[in-house]
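The next block holds one structure in the form of structure tokens; read it before the comments.
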Amino acid sequence: MTMIRAPWPALTATYRLQFHRDFPFSKAEALVPYLARLGVSHLYASPITMAVPGSTHGYDVAGPTKVNPELGGEEGLLALCAALERHGMGLILDIVPNHMAASSHNPFWLDMLEGGPDSPAARIFDVAWDKGRLVLPVLGDPLQATIEAGQITLAINEARGGIDAVVYGEQRFPLRRESVAELVGRLPAAVHIAAAAAARDRSDSSASSSTSLHASSGPRTGLSDLDPVSRVALETVLAEADITSLLEAQHWRLAWWRTAAHDLNYRRFFNITDLAGVRVEDPDVFELVHRLPLDLIRRGLVHGLRIDHIDGLVDPATYCERLRSAVGADVPIFIEKILEPGESLRDWPIDGTTGYERLNDINGLFVASKGYAAFEEALRERHLITGTATSRLASAKKQVLEASLATEVDTLTALARDGLDDAMKAGDLTETAIRQGVVALLVHCPVYRSYATDDYSPDDSAIWQKISEAVAAAEDPLTAAAAQLLLARMAAPQNDSDREFRVRFQQLGGPAMAKGYEDTELYRTPILLSVNEVGSSLDHPTRTPAELHAVFAARATEKRCDLNPLATHDTKRGPDTRARLDALSQRPALWLEFLSENEADLAALAQAADGRLMPDAIDQILVLQTLLSAWPISPERMDGYLTKALREAKRHSNWETPDEAYEAACKAFSAAILSEPAGAPIRDGLETLVEQLTPATRIIGLAQVVLQHALPGTPDIYQGTEFRDFSLVDPDNRRPVDWGRRKAVLDAGTAADPDAEKLLLTQQLLQLRRSNAALTRGDYRPLDLPAGEWGWLGFERHDGDRAVRIIIPTRVLETASEHITLPAPMEAGWRTLDGASLAAGSGEMTLPAAYPFAILHKS
């Protein structure tokens, strides 16, 4: 039945919730009245489709057409949507078009394993079948050793009702039909008849879906219903089967997990082998992936979409056009897209990004350039960092490309090699040079990717030109020659391999940057960890008011409603964690004196073993800044953080071959500072630093909230961060939220503590966004304010007769005065957030030193 779509709720603010089995729809439903009172217009949900059981995030999609039963299924979703509608709120869904789970819980994946390249489901996944059988790098040890250890067995698949399960641990892999028939043929006659009937049922079931993208589901009658005697006979045949020869006959090949970096023939999400790339460029696959969200939109239950990892798609521009056509003009579409400083969003039919560039603009405003420079110089004097930010990033990207992403580089190299016979015969190129040229192109790409098709834009040419210049400056002549030739062939393809190379190169650009920068370099360079954020640039750590005025004015002119987050499920630190470090940059002497005064105690706590210091000097800084930023913090939280940080940095440890001795030493160093007598001087020093920074941390934290809600764009609040949030990277930022305390603060309505102060300010700003259109569609007008010792950012936003004026400090100094005065002419008609009217002033504005913000409006 076609349902009539209800009018869309006006988009004024989103609130992100992370769904999983311990936080299902029912718990979100109970929060709706609280979110409505807070002033949020849209709940912004993590993926809700079928995922691998126990998933804590939902991006490992196992069934794109069904609502995850662990979250409450469709019934639970409908109840949540009904509660949202009662409170005038909408729902924005996070959807995943780039990948699905390569899992035995994914029926589409299983159908492809069973039927191979001829399976209808094979159209879904980005598999290079021309390279042979599908490689499944899932084994903990080499294949033969695993077989000899008896860890691979055969079993009846009870859910599917046939002998189609190769079992390894908790994973199951279906046999091709010919293998099932061969096993059935070994059964005694009476059992053979029943088994043959089951095989026919399986064949008929598969044939029924051979013309469309539907996964086989439900039990297949026969073998699972055998009588006890027949079942024993069947189990005997399975136990006596030659596992090695049987595995050789399948469409897939089990392999040691360590081979994934060198031998893989399907596209994956970054370097995660159990997330397989999806061919959403195929119209039928697009329909399959979007069937559920489009149905929910048509039914008036969903009011906007967030697109995960759009840079992984073959052609993001065409994808956006197709999606816009499917949802209509009035459904907001936000894409997860990281823009480098100076990079513009392409002219796609979307409403904006998820806002990492905005988060870093806001944060950079409070980072003192002199303080950052002082911290960097201190590290350089000790030779703890060398080179430029650009050269360090290039080194990190090269490392991940030659290690965890090596198989993707091999694929690109093979495509690049095709058609270059003449150049190689002439002695101009070598096999090694071609591969090094491929790596150089990725290493020196200044953004996450270009978006060229046969009809590419000047923006793509500009990216390639920057790559060309960087390669020429940094690489040897032979590598540079190979890279230049490949760039020329991307711009003017000579054959199908050139076109395929361009596609694969662009798809790999994002993983290379993300793994090299976000997941390597940001854990290696602890100059000031508040700057080390997703979407940041260590070449561009700070922002000036003048710089941001130009950026914000342009964004207001563009009329986009990009999200303005201060935290997301992927950020490295919470907003107040960053605020404390930003405050530290404004008083750099405090940090440098702390390090100097505690040098001997720090050295005593570090362990010297095997000729090395554990943690070394760089990781000591990482530990100390992390402790300071998140103080007070438990040893358990620090242990979890350090495991991730040390392995991501890839300096002493990594995920593939962790150095457990080094990791243990770093954790012991941290734990000693937190709780042992030997760490008392350092602990006291950290507590003193926190106390000294608390006033500025509070003001910067509140100022960020003001900007988040007042700048062009749509404020996006990550779960729980309406209180102060001193979280670290996931899983720390996905800890349970104390909703009861937040509700109590909202009920009380008094700012009795800093958490209450932040929540109530958030509520006031959200109410202002609902009542004053200047904040949702107004222009942006800079105010000319003196820099002064504090430093100020001021602006107005106007929409007809409605206006909002914002003035916040960008630098926070200690002062004995109760008030701060700055030149800011005041006209009549302005009101404060609490409704008080202001008369025309004398050309000056006086602000309380403890609350130095002007948030004024008129209508």
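Ordering of the structure tokens sets the chain letters (A, B, ...); residue numbers start at 1 within each chain; ligands are numbered from 1 in the order shown.
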
Just want the 6 Å neighbourhood of region 445-462 of chain A, counted on only C-alpha atoms, with same-chain residues fewer than 6 positions away dropped. Output as a count of residues only. 4

As a ChimeraX atom specification, please: every residue in region 643-803 of chain A that DSSP puts in strand (DSSP E). /A:714-718,781-782,792-799,802-803

Output all heavy atoms for every residue in the selection just made, as a compact mmCIF listing (two decimals), in the first residue's frame.
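Result file follows (selection_24.txt):
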# COMPACT_ATOMS: atom_id res chain seq x y z
N THR A 714 24.36 23.12 10.25
CA THR A 714 23.40 22.48 11.15
C THR A 714 24.15 21.84 12.31
O THR A 714 24.96 20.93 12.10
CB THR A 714 22.61 21.38 10.42
OG1 THR A 714 21.99 21.94 9.25
CG2 THR A 714 21.56 20.77 11.33
N PRO A 715 23.91 22.29 13.55
CA PRO A 715 24.62 21.67 14.67
C PRO A 715 24.29 20.19 14.78
O PRO A 715 23.13 19.78 14.68
CB PRO A 715 24.12 22.45 15.89
CG PRO A 715 22.87 23.12 15.46
CD PRO A 715 23.00 23.37 14.00
N ASP A 716 25.34 19.40 14.97
CA ASP A 716 25.20 17.95 15.12
C ASP A 716 25.81 17.57 16.46
O ASP A 716 27.02 17.69 16.66
CB ASP A 716 25.91 17.23 13.97
CG ASP A 716 26.01 15.73 14.20
OD1 ASP A 716 25.06 15.16 14.76
OD2 ASP A 716 27.04 15.14 13.82
N ILE A 717 24.98 17.11 17.39
CA ILE A 717 25.42 16.79 18.75
C ILE A 717 25.61 15.28 18.84
O ILE A 717 24.70 14.51 18.57
CB ILE A 717 24.37 17.25 19.78
CG1 ILE A 717 24.12 18.76 19.62
CG2 ILE A 717 24.84 16.94 21.20
CD1 ILE A 717 22.91 19.26 20.41
N TYR A 718 26.81 14.87 19.22
CA TYR A 718 27.08 13.45 19.41
C TYR A 718 26.61 13.03 20.79
O TYR A 718 26.70 13.77 21.75
CB TYR A 718 28.58 13.18 19.25
CG TYR A 718 28.94 11.72 19.42
CD1 TYR A 718 28.51 10.78 18.51
CD2 TYR A 718 29.69 11.29 20.51
CE1 TYR A 718 28.83 9.44 18.66
CE2 TYR A 718 30.03 9.96 20.66
CZ TYR A 718 29.59 9.03 19.74
OH TYR A 718 29.90 7.70 19.90
N ARG A 781 27.90 38.25 8.54
CA ARG A 781 28.52 39.56 8.48
C ARG A 781 29.57 39.69 9.59
O ARG A 781 29.21 39.71 10.78
CB ARG A 781 27.47 40.67 8.63
CG ARG A 781 26.34 40.57 7.62
CD ARG A 781 25.30 41.66 7.82
NE ARG A 781 24.14 41.46 6.95
CZ ARG A 781 23.09 42.28 6.91
NH1 ARG A 781 23.07 43.37 7.67
NH2 ARG A 781 22.08 42.02 6.10
N PRO A 782 30.83 39.78 9.26
CA PRO A 782 31.87 39.91 10.29
C PRO A 782 31.72 41.21 11.07
O PRO A 782 31.32 42.25 10.51
CB PRO A 782 33.17 39.91 9.49
CG PRO A 782 32.82 39.31 8.16
CD PRO A 782 31.39 39.69 7.90
N TRP A 792 39.19 38.19 19.91
CA TRP A 792 37.74 38.07 19.82
C TRP A 792 37.32 37.67 18.41
O TRP A 792 38.00 38.02 17.43
CB TRP A 792 37.06 39.40 20.18
CG TRP A 792 37.37 39.83 21.58
CD1 TRP A 792 38.39 40.63 21.98
CD2 TRP A 792 36.68 39.43 22.76
NE1 TRP A 792 38.38 40.77 23.34
CE2 TRP A 792 37.35 40.05 23.85
CE3 TRP A 792 35.57 38.62 23.02
CZ2 TRP A 792 36.94 39.88 25.18
CZ3 TRP A 792 35.16 38.45 24.33
CH2 TRP A 792 35.83 39.07 25.40
N LEU A 793 36.22 36.99 18.31
CA LEU A 793 35.54 36.73 17.04
C LEU A 793 34.11 37.21 17.19
O LEU A 793 33.41 36.80 18.13
CB LEU A 793 35.55 35.24 16.70
CG LEU A 793 34.81 34.89 15.39
CD1 LEU A 793 35.72 35.18 14.20
CD2 LEU A 793 34.38 33.42 15.37
N GLY A 794 33.69 38.06 16.29
CA GLY A 794 32.32 38.55 16.34
C GLY A 794 31.69 38.56 14.96
O GLY A 794 32.37 38.82 13.96
N PHE A 795 30.40 38.24 14.90
CA PHE A 795 29.70 38.25 13.63
C PHE A 795 28.21 38.41 13.87
O PHE A 795 27.71 38.19 15.00
CB PHE A 795 29.98 36.98 12.82
CG PHE A 795 29.57 35.70 13.52
CD1 PHE A 795 28.31 35.15 13.33
CD2 PHE A 795 30.46 35.04 14.35
CE1 PHE A 795 27.94 33.97 13.97
CE2 PHE A 795 30.11 33.85 14.99
CZ PHE A 795 28.84 33.32 14.79
N GLU A 796 27.53 38.80 12.82
CA GLU A 796 26.06 38.85 12.84
C GLU A 796 25.53 38.03 11.69
O GLU A 796 26.18 37.89 10.66
CB GLU A 796 25.56 40.29 12.73
CG GLU A 796 25.84 41.14 13.95
CD GLU A 796 25.30 42.56 13.81
OE1 GLU A 796 24.65 42.85 12.77
OE2 GLU A 796 25.54 43.38 14.72
N ARG A 797 24.33 37.49 11.91
CA ARG A 797 23.64 36.79 10.85
C ARG A 797 22.23 37.40 10.73
O ARG A 797 21.55 37.59 11.75
CB ARG A 797 23.57 35.29 11.14
CG ARG A 797 24.97 34.68 11.27
CD ARG A 797 24.94 33.18 11.23
NE ARG A 797 24.41 32.72 9.97
CZ ARG A 797 23.95 31.48 9.75
NH1 ARG A 797 23.95 30.59 10.73
NH2 ARG A 797 23.49 31.14 8.57
N HIS A 798 21.84 37.72 9.49
CA HIS A 798 20.58 38.41 9.25
C HIS A 798 19.72 37.64 8.27
O HIS A 798 20.22 37.07 7.29
CB HIS A 798 20.85 39.81 8.68
CG HIS A 798 21.45 40.76 9.66
ND1 HIS A 798 20.75 41.81 10.21
CD2 HIS A 798 22.70 40.82 10.20
CE1 HIS A 798 21.54 42.49 11.03
NE2 HIS A 798 22.73 41.90 11.04
N ASP A 799 18.44 37.63 8.53
CA ASP A 799 17.44 37.12 7.60
C ASP A 799 16.24 38.05 7.70
O ASP A 799 15.40 37.91 8.60
CB ASP A 799 17.04 35.69 7.95
CG ASP A 799 15.99 35.15 6.99
OD1 ASP A 799 16.30 34.99 5.79
OD2 ASP A 799 14.85 34.91 7.42
N ARG A 802 15.05 39.64 11.13
CA ARG A 802 15.60 38.81 12.20
C ARG A 802 17.12 38.84 12.13
O ARG A 802 17.70 38.84 11.04
CB ARG A 802 15.10 37.37 12.07
CG ARG A 802 13.59 37.25 12.22
CD ARG A 802 13.13 35.82 11.95
NE ARG A 802 11.70 35.70 12.06
CZ ARG A 802 11.05 35.35 13.16
NH1 ARG A 802 11.74 35.04 14.26
NH2 ARG A 802 9.74 35.26 13.19
N ALA A 803 17.75 38.85 13.31
CA ALA A 803 19.20 38.92 13.34
C ALA A 803 19.72 38.29 14.63
O ALA A 803 19.01 38.23 15.64
CB ALA A 803 19.69 40.36 13.23

Shortest interatomic distance to Phe19 (chain A) - which of A:Glu148, A:Asp60, A:Glu70, A:Glu660, counting only C-alpha atoms: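 Among A:Glu148, A:Asp60, A:Glu70, A:Glu660, it is A:Glu70 that comes nearest to Phe19 (chain A).
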
Residue with smallest distance to Ala773 (chain A) - pool A:Thr568, A:Ser653, A:Ser859, A:Ser103, counting only C-alpha atoms: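 Smallest distance to Ala773 (chain A) is found for A:Ser859.
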
Shell of 10 Å around Arg637 (chain A), only C-alpha atoms, local chain residues under 2 positions omitted, as a PyMOL selection string: chain A and resi 630+633-635+639-642+727-728+731-732

Keeping N, CA and C atoms, export the residues of the selection given above as an mmCIF file, in the first residue's frame.
data_model
loop_
_atom_site.group_PDB
_atom_site.id
_atom_site.type_symbol
_atom_site.label_atom_id
_atom_site.label_comp_id
_atom_site.auth_asym_id
_atom_site.auth_seq_id
_atom_site.Cartn_x
_atom_site.Cartn_y
_atom_site.Cartn_z
ATOM 1 N N ALA A 630 42.402 14.288 29.319
ATOM 2 C CA ALA A 630 41.224 13.517 29.753
ATOM 3 C C ALA A 630 41.124 13.384 31.271
ATOM 4 N N ILE A 633 41.239 10.199 34.656
ATOM 5 C CA ILE A 633 41.001 9.054 33.784
ATOM 6 C C ILE A 633 41.498 7.794 34.480
ATOM 7 N N SER A 634 40.810 6.693 34.251
ATOM 8 C CA SER A 634 41.167 5.433 34.898
ATOM 9 C C SER A 634 42.286 4.733 34.141
ATOM 10 N N PRO A 635 43.042 3.864 34.830
ATOM 11 C CA PRO A 635 44.059 3.067 34.122
ATOM 12 C C PRO A 635 43.461 2.213 33.019
ATOM 13 N N ASP A 639 44.699 2.211 29.245
ATOM 14 C CA ASP A 639 45.214 0.981 28.635
ATOM 15 C C ASP A 639 44.567 0.758 27.266
ATOM 16 N N GLY A 640 43.250 0.929 27.206
ATOM 17 C CA GLY A 640 42.559 0.749 25.932
ATOM 18 C C GLY A 640 43.039 1.747 24.893
ATOM 19 N N TYR A 641 43.215 2.988 25.321
ATOM 20 C CA TYR A 641 43.688 4.011 24.388
ATOM 21 C C TYR A 641 45.095 3.695 23.896
ATOM 22 N N LEU A 642 45.981 3.326 24.812
ATOM 23 C CA LEU A 642 47.372 3.102 24.427
ATOM 24 C C LEU A 642 47.525 1.904 23.499
ATOM 25 N N SER A 727 36.298 12.540 26.381
ATOM 26 C CA SER A 727 36.529 11.217 25.807
ATOM 27 C C SER A 727 37.767 11.206 24.929
ATOM 28 N N LEU A 728 38.245 9.977 24.679
ATOM 29 C CA LEU A 728 39.300 9.717 23.713
ATOM 30 C C LEU A 728 38.687 8.980 22.531
ATOM 31 N N PRO A 731 37.180 2.834 21.327
ATOM 32 C CA PRO A 731 35.825 2.710 21.879
ATOM 33 C C PRO A 731 35.536 3.615 23.063
ATOM 34 N N ASP A 732 36.507 4.449 23.485
ATOM 35 C CA ASP A 732 36.288 5.279 24.660
ATOM 36 C C ASP A 732 35.105 6.217 24.481
#

Distance CA of His444 (chain A)-CA of Glu475 (chain A), one decimal place? 10.0 Å

Taking 6 positions as the minimum chain separation for residues in the same chain, which residues sit within 12 Å of Val551 (chain A) when counting only C-alpha atoms? Answer as a VMD selection string. chain A and resid 341 to 344 357 to 358 361 to 362 543 to 545 557 to 558 711 to 712 780 to 782

Calculate how many Å separate CA of Ala440 (chain A) from CA of Arg267 (chain A), rounding to one decimal.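 Taking CA of Ala440 (chain A) as the start and CA of Arg267 (chain A) as the end point, the length is 20.8 Å.
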
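Atom pair CA of His42 (chain A) / CA of Val302 (chain A): separated by 9.9 Å.
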
Find the spatial neighbours of Lys559 (chain A), counting only C-alpha atoms, within a cut-off of 10 Å - ignore same-chain residues fewer than 4 positions away - and output them as a PyMOL selection string. chain A and resi 351-352+554-555+712-713+776-779

Next, dump the selected residues to file, keeping only C-alpha atoms, as a PDB file, in the first residue's frame.
ATOM      1  CA  ASP A 351      23.027  19.268   1.159  1.00  0.00           C
ATOM      2  CA  GLY A 352      26.541  19.101   2.540  1.00  0.00           C
ATOM      3  CA  ALA A 554      31.254  31.847   1.704  1.00  0.00           C
ATOM      4  CA  ARG A 555      29.428  28.966   3.399  1.00  0.00           C
ATOM      5  CA  PRO A 712      26.261  28.574   8.976  1.00  0.00           C
ATOM      6  CA  GLY A 713      25.334  24.896   8.949  1.00  0.00           C
ATOM      7  CA  THR A 776      19.206  28.595   9.842  1.00  0.00           C
ATOM      8  CA  ARG A 777      19.205  30.591   6.621  1.00  0.00           C
ATOM      9  CA  GLY A 778      20.752  33.972   7.373  1.00  0.00           C
ATOM     10  CA  ASP A 779      23.808  35.610   5.845  1.00  0.00           C
TER      11      ASP A 779
END

Exercise: Thr432 (chain A) partners within 12 Å, only C-alpha atoms, chain neighbours under 6 positions left out, as a ChimeraX atom specification: /A:410,413-414,416-417,424,438-439,478-479,482-483

Could you dump the residues just selected with all heavy atoms as a PDB file, in the first residue's frame?
ATOM      1  N   ASP A 410      49.414  -3.732  -5.719  1.00  0.00           N
ATOM      2  CA  ASP A 410      49.707  -4.748  -6.738  1.00  0.00           C
ATOM      3  C   ASP A 410      48.669  -4.719  -7.853  1.00  0.00           C
ATOM      4  O   ASP A 410      49.001  -4.841  -9.043  1.00  0.00           O
ATOM      5  CB  ASP A 410      49.753  -6.137  -6.107  1.00  0.00           C
ATOM      6  CG  ASP A 410      50.968  -6.333  -5.215  1.00  0.00           C
ATOM      7  OD1 ASP A 410      51.929  -5.555  -5.340  1.00  0.00           O
ATOM      8  OD2 ASP A 410      50.948  -7.261  -4.388  1.00  0.00           O
ATOM      9  N   THR A 413      49.309  -1.740  -9.980  1.00  0.00           N
ATOM     10  CA  THR A 413      50.526  -1.926 -10.768  1.00  0.00           C
ATOM     11  C   THR A 413      50.260  -2.800 -11.988  1.00  0.00           C
ATOM     12  O   THR A 413      50.766  -2.516 -13.092  1.00  0.00           O
ATOM     13  CB  THR A 413      51.629  -2.548  -9.901  1.00  0.00           C
ATOM     14  OG1 THR A 413      51.883  -1.684  -8.778  1.00  0.00           O
ATOM     15  CG2 THR A 413      52.910  -2.726 -10.688  1.00  0.00           C
ATOM     16  N   ALA A 414      49.467  -3.851 -11.796  1.00  0.00           N
ATOM     17  CA  ALA A 414      49.139  -4.725 -12.931  1.00  0.00           C
ATOM     18  C   ALA A 414      48.370  -3.959 -13.999  1.00  0.00           C
ATOM     19  O   ALA A 414      48.613  -4.124 -15.205  1.00  0.00           O
ATOM     20  CB  ALA A 414      48.338  -5.925 -12.442  1.00  0.00           C
ATOM     21  N   ALA A 416      48.510  -0.698 -14.440  1.00  0.00           N
ATOM     22  CA  ALA A 416      49.437   0.284 -15.009  1.00  0.00           C
ATOM     23  C   ALA A 416      50.377  -0.362 -16.021  1.00  0.00           C
ATOM     24  O   ALA A 416      50.732   0.249 -17.034  1.00  0.00           O
ATOM     25  CB  ALA A 416      50.249   0.930 -13.890  1.00  0.00           C
ATOM     26  N   ARG A 417      50.779  -1.592 -15.744  1.00  0.00           N
ATOM     27  CA  ARG A 417      51.717  -2.310 -16.617  1.00  0.00           C
ATOM     28  C   ARG A 417      51.127  -2.595 -17.987  1.00  0.00           C
ATOM     29  O   ARG A 417      51.837  -2.607 -18.998  1.00  0.00           O
ATOM     30  CB  ARG A 417      52.109  -3.614 -15.907  1.00  0.00           C
ATOM     31  CG  ARG A 417      52.889  -4.612 -16.726  1.00  0.00           C
ATOM     32  CD  ARG A 417      54.289  -4.111 -17.012  1.00  0.00           C
ATOM     33  NE  ARG A 417      55.071  -5.120 -17.691  1.00  0.00           N
ATOM     34  CZ  ARG A 417      54.948  -5.445 -18.978  1.00  0.00           C
ATOM     35  NH1 ARG A 417      54.033  -4.822 -19.717  1.00  0.00           N
ATOM     36  NH2 ARG A 417      55.705  -6.356 -19.528  1.00  0.00           N
ATOM     37  N   MET A 424      58.721  -0.046 -21.987  1.00  0.00           N
ATOM     38  CA  MET A 424      59.626  -0.921 -21.250  1.00  0.00           C
ATOM     39  C   MET A 424      60.690  -1.508 -22.178  1.00  0.00           C
ATOM     40  O   MET A 424      61.858  -1.614 -21.803  1.00  0.00           O
ATOM     41  CB  MET A 424      58.836  -2.026 -20.555  1.00  0.00           C
ATOM     42  CG  MET A 424      57.893  -1.488 -19.485  1.00  0.00           C
ATOM     43  SD  MET A 424      57.088  -2.783 -18.553  1.00  0.00           S
ATOM     44  CE  MET A 424      58.485  -3.433 -17.626  1.00  0.00           C
ATOM     45  N   VAL A 438      53.343   4.077  -9.092  1.00  0.00           N
ATOM     46  CA  VAL A 438      51.991   3.956  -8.545  1.00  0.00           C
ATOM     47  C   VAL A 438      51.960   4.431  -7.099  1.00  0.00           C
ATOM     48  O   VAL A 438      51.092   5.219  -6.697  1.00  0.00           O
ATOM     49  CB  VAL A 438      51.504   2.488  -8.641  1.00  0.00           C
ATOM     50  CG1 VAL A 438      50.235   2.297  -7.826  1.00  0.00           C
ATOM     51  CG2 VAL A 438      51.269   2.101 -10.090  1.00  0.00           C
ATOM     52  N   VAL A 439      52.921   3.959  -6.305  1.00  0.00           N
ATOM     53  CA  VAL A 439      52.981   4.365  -4.896  1.00  0.00           C
ATOM     54  C   VAL A 439      53.179   5.872  -4.785  1.00  0.00           C
ATOM     55  O   VAL A 439      52.538   6.547  -3.966  1.00  0.00           O
ATOM     56  CB  VAL A 439      54.112   3.605  -4.173  1.00  0.00           C
ATOM     57  CG1 VAL A 439      54.335   4.179  -2.768  1.00  0.00           C
ATOM     58  CG2 VAL A 439      53.796   2.119  -4.093  1.00  0.00           C
ATOM     59  N   LEU A 478      63.626   8.031 -12.251  1.00  0.00           N
ATOM     60  CA  LEU A 478      62.936   6.912 -12.882  1.00  0.00           C
ATOM     61  C   LEU A 478      61.529   6.751 -12.328  1.00  0.00           C
ATOM     62  O   LEU A 478      60.563   6.550 -13.080  1.00  0.00           O
ATOM     63  CB  LEU A 478      63.745   5.622 -12.684  1.00  0.00           C
ATOM     64  CG  LEU A 478      63.279   4.403 -13.488  1.00  0.00           C
ATOM     65  CD1 LEU A 478      63.300   4.699 -14.986  1.00  0.00           C
ATOM     66  CD2 LEU A 478      64.150   3.193 -13.171  1.00  0.00           C
ATOM     67  N   THR A 479      61.397   6.856 -11.009  1.00  0.00           N
ATOM     68  CA  THR A 479      60.060   6.788 -10.396  1.00  0.00           C
ATOM     69  C   THR A 479      59.199   7.943 -10.891  1.00  0.00           C
ATOM     70  O   THR A 479      58.014   7.761 -11.215  1.00  0.00           O
ATOM     71  CB  THR A 479      60.170   6.833  -8.866  1.00  0.00           C
ATOM     72  OG1 THR A 479      60.917   5.707  -8.407  1.00  0.00           O
ATOM     73  CG2 THR A 479      58.789   6.824  -8.216  1.00  0.00           C
ATOM     74  N   ALA A 482      57.920   7.307 -14.427  1.00  0.00           N
ATOM     75  CA  ALA A 482      56.810   6.359 -14.458  1.00  0.00           C
ATOM     76  C   ALA A 482      55.528   7.026 -13.970  1.00  0.00           C
ATOM     77  O   ALA A 482      54.447   6.848 -14.551  1.00  0.00           O
ATOM     78  CB  ALA A 482      57.143   5.138 -13.597  1.00  0.00           C
ATOM     79  N   ALA A 483      55.624   7.794 -12.891  1.00  0.00           N
ATOM     80  CA  ALA A 483      54.442   8.465 -12.346  1.00  0.00           C
ATOM     81  C   ALA A 483      53.865   9.458 -13.345  1.00  0.00           C
ATOM     82  O   ALA A 483      52.642   9.553 -13.511  1.00  0.00           O
ATOM     83  CB  ALA A 483      54.811   9.170 -11.039  1.00  0.00           C
TER      84      ALA A 483
END

Quick one: of A:Pro33, A:Leu746, A:Ala854, A:Ala774, who's nearest to Arg86 (chain A), counting only C-alpha atoms?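 The shortest atom-to-atom distance to Arg86 (chain A) comes from A:Pro33.
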
May I have all residues of region 504-683 of chain A that DSSP, computed from the backbone, assigns to alpha helix (DSSP H), given as a VMD selection string? chain A and resid 504 to 513 545 to 558 575 to 585 588 to 597 599 to 605 617 to 630 635 to 649 660 to 675 680 to 683

Find the residues around Thr153 (chain A) up to 7 Å (only C-alpha atoms counted), leave out those fewer than 6 positions away in its own chain, and share them as JSON, numbers by chain. {"A": [166, 167, 168]}

With only C-alpha atoms as the basis for distance, which of A:Leu11, A:Ala661, A:Val471, A:Leu296 is at the shortest distance from Glu74 (chain A)?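 Between A:Leu11, A:Ala661, A:Val471, A:Leu296, the residue approaching Glu74 (chain A) most closely is A:Leu296.
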
For Lys397 (chain A), the nearest of the candidates A:Ala649, A:Ile243, A:Ala155, A:Val184, counting only C-alpha atoms: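 Of all the options, A:Ala649 lies closest to Lys397 (chain A).
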
Sort by chain and increasing residue number a table of all residues of region 358-474 of chain A within 10 Å of region 687-706 of chain A, each with its closest pair of atoms and their distance in Å to one decimal, counting only C-alpha atoms, and write it as a Markdown table.
| residue | atom | partner | partner_atom | distance |
| --- | --- | --- | --- | --- |
| A:Leu359 | CA | A:Gln704 | CA | 9.2 |
| A:Ile362 | CA | A:Gln704 | CA | 6.6 |
| A:Asn363 | CA | A:Gln704 | CA | 7.6 |
| A:Leu365 | CA | A:Gln704 | CA | 9.4 |
| A:Phe366 | CA | A:Ile700 | CA | 7.2 |

Quick one: write out the picked residues with N, CA, C and O atoms as a PDB file, in the first residue's frame?
ATOM      1  N   LEU A 359      34.472  21.252  12.119  1.00  0.00           N
ATOM      2  CA  LEU A 359      35.004  20.933  13.440  1.00  0.00           C
ATOM      3  C   LEU A 359      36.432  21.458  13.584  1.00  0.00           C
ATOM      4  O   LEU A 359      36.780  22.061  14.607  1.00  0.00           O
ATOM      5  N   ILE A 362      36.580  25.311  13.802  1.00  0.00           N
ATOM      6  CA  ILE A 362      36.223  25.784  15.142  1.00  0.00           C
ATOM      7  C   ILE A 362      37.367  25.540  16.110  1.00  0.00           C
ATOM      8  O   ILE A 362      37.761  26.425  16.879  1.00  0.00           O
ATOM      9  N   ASN A 363      37.933  24.349  16.088  1.00  0.00           N
ATOM     10  CA  ASN A 363      39.017  24.037  17.018  1.00  0.00           C
ATOM     11  C   ASN A 363      40.240  24.909  16.759  1.00  0.00           C
ATOM     12  O   ASN A 363      40.862  25.421  17.691  1.00  0.00           O
ATOM     13  N   LEU A 365      40.539  27.829  15.788  1.00  0.00           N
ATOM     14  CA  LEU A 365      40.391  29.207  16.239  1.00  0.00           C
ATOM     15  C   LEU A 365      40.957  29.398  17.642  1.00  0.00           C
ATOM     16  O   LEU A 365      41.419  30.494  17.989  1.00  0.00           O
ATOM     17  N   PHE A 366      40.938  28.334  18.460  1.00  0.00           N
ATOM     18  CA  PHE A 366      41.369  28.444  19.856  1.00  0.00           C
ATOM     19  C   PHE A 366      42.787  27.932  20.086  1.00  0.00           C
ATOM     20  O   PHE A 366      43.275  27.946  21.210  1.00  0.00           O
TER      21      PHE A 366
END
